[in-house]
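In what follows, a structure is listed as structure tokens, so that the remarks can point back to it.
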Amino acid sequence: MNHWLVKSEPVKYSWEQFEKDGNAVWDGVRNYQARNNLQAMKKGDLVMFYHSNEGMCVVGIAKVVKEFYPDPTIDDPRWVVVDLAPHKKLKKPVTLETIKADETLQNIGLIRQGRLSVMPLTKDEFDRILKLGS
DNA sequence: GCCAACGTTGGC
DNA sequence: GCCAACGTTGGC
């Protein structure tokens with residue numbers, strides 16, 4: 001199983017809304033690297049849900065419920081979406097500050113490539129954040 | 001609101 | 001194919 005992290009600005013789409021909806025079509029990705037990551041997601045993979053700009057913290061874990069297919073919001077075959085469903089909310093959010101301060105998370109994409117909105121995590125990174133959030 | 005990082009576009 | 005200009009993201 002692979003592990004991922006996606007970002008969302010809570011103003012646009014928050015974890016709370018995601019939980020209320022029960023599932024989400026992860027649309028709007030317009031970056032090739034992020035797109036490639038979406039395409040690599042497999043059903044059942046776990047995905048950290050990060051609030052960018054406001055909050056700046058990992059708030060919960062989602063699960064891939066449907067693998068990639070063409071983005072229905074745009075007439076351009078280059079872009080794809082996946083379907084995500086809430087899996088588990090973290091007991092306490094893990095802030096960017098915490099992640100930056102953690103020795104074992106220095107190589108995380110979140111820090112190294114700040115602007116990427118969909119990125120892979122190693123199992124160690126995933127487990128570490130999970131632990132920090134429980 | 002500013003700015004650094006970085007991706008994309010378009011002229012040559 | 002290079003690179004300058006420009007736009008966007010996201011932390012601060």
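As shown in the structure tokens, the chain order sets the letters A, B, ...; within each chain, residues go from 1, and ligands are also counted from 1 in the order they appear.
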Write out as CSV a residue-level contact list of chain A versus chain B with cut-off 9 Å: for each qualifying residue the closest pair of atoms and the distance in Å to one decimal, counting only C-alpha atoms (C1' of nucleotides), rows sorted by chain and residue number upward.
```
residue,atom,partner,partner_atom,distance
A:Asn31,CA,B:DG7,C1',8.0
A:Gln113,CA,B:DA5,C1',8.6
A:Gly114,CA,B:DA5,C1',8.0
A:Arg115,CA,B:DC6,C1',7.7
```
Can you list, as JSON, numbers by chain, every residue of stretch 23-62 of chain A that DSSP puts in strand (DSSP E)?
-> {"A": [24, 25, 46, 47, 48, 49, 50, 51, 57, 58, 59, 60, 61, 62]}
Skip A:Met48 itself and residues of its chain fewer than 2 positions away, then list as a list in words all residues within 8 Å of it, counting only C-alpha atoms (C1' of nucleotides).
->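 Result of the neighbour search: His3, Trp4, Leu5, Val6, Leu46, Tyr50, Val58, Val59, Gly60, Ile61, Ala62 and Phe126 of chain A.
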Å distance separating atom CA of A:Val25 from atom CA of A:Ile111, one decimal place =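 Atom CA of A:Ile111 lies at a distance of 25.6 Å from atom CA of A:Val25.
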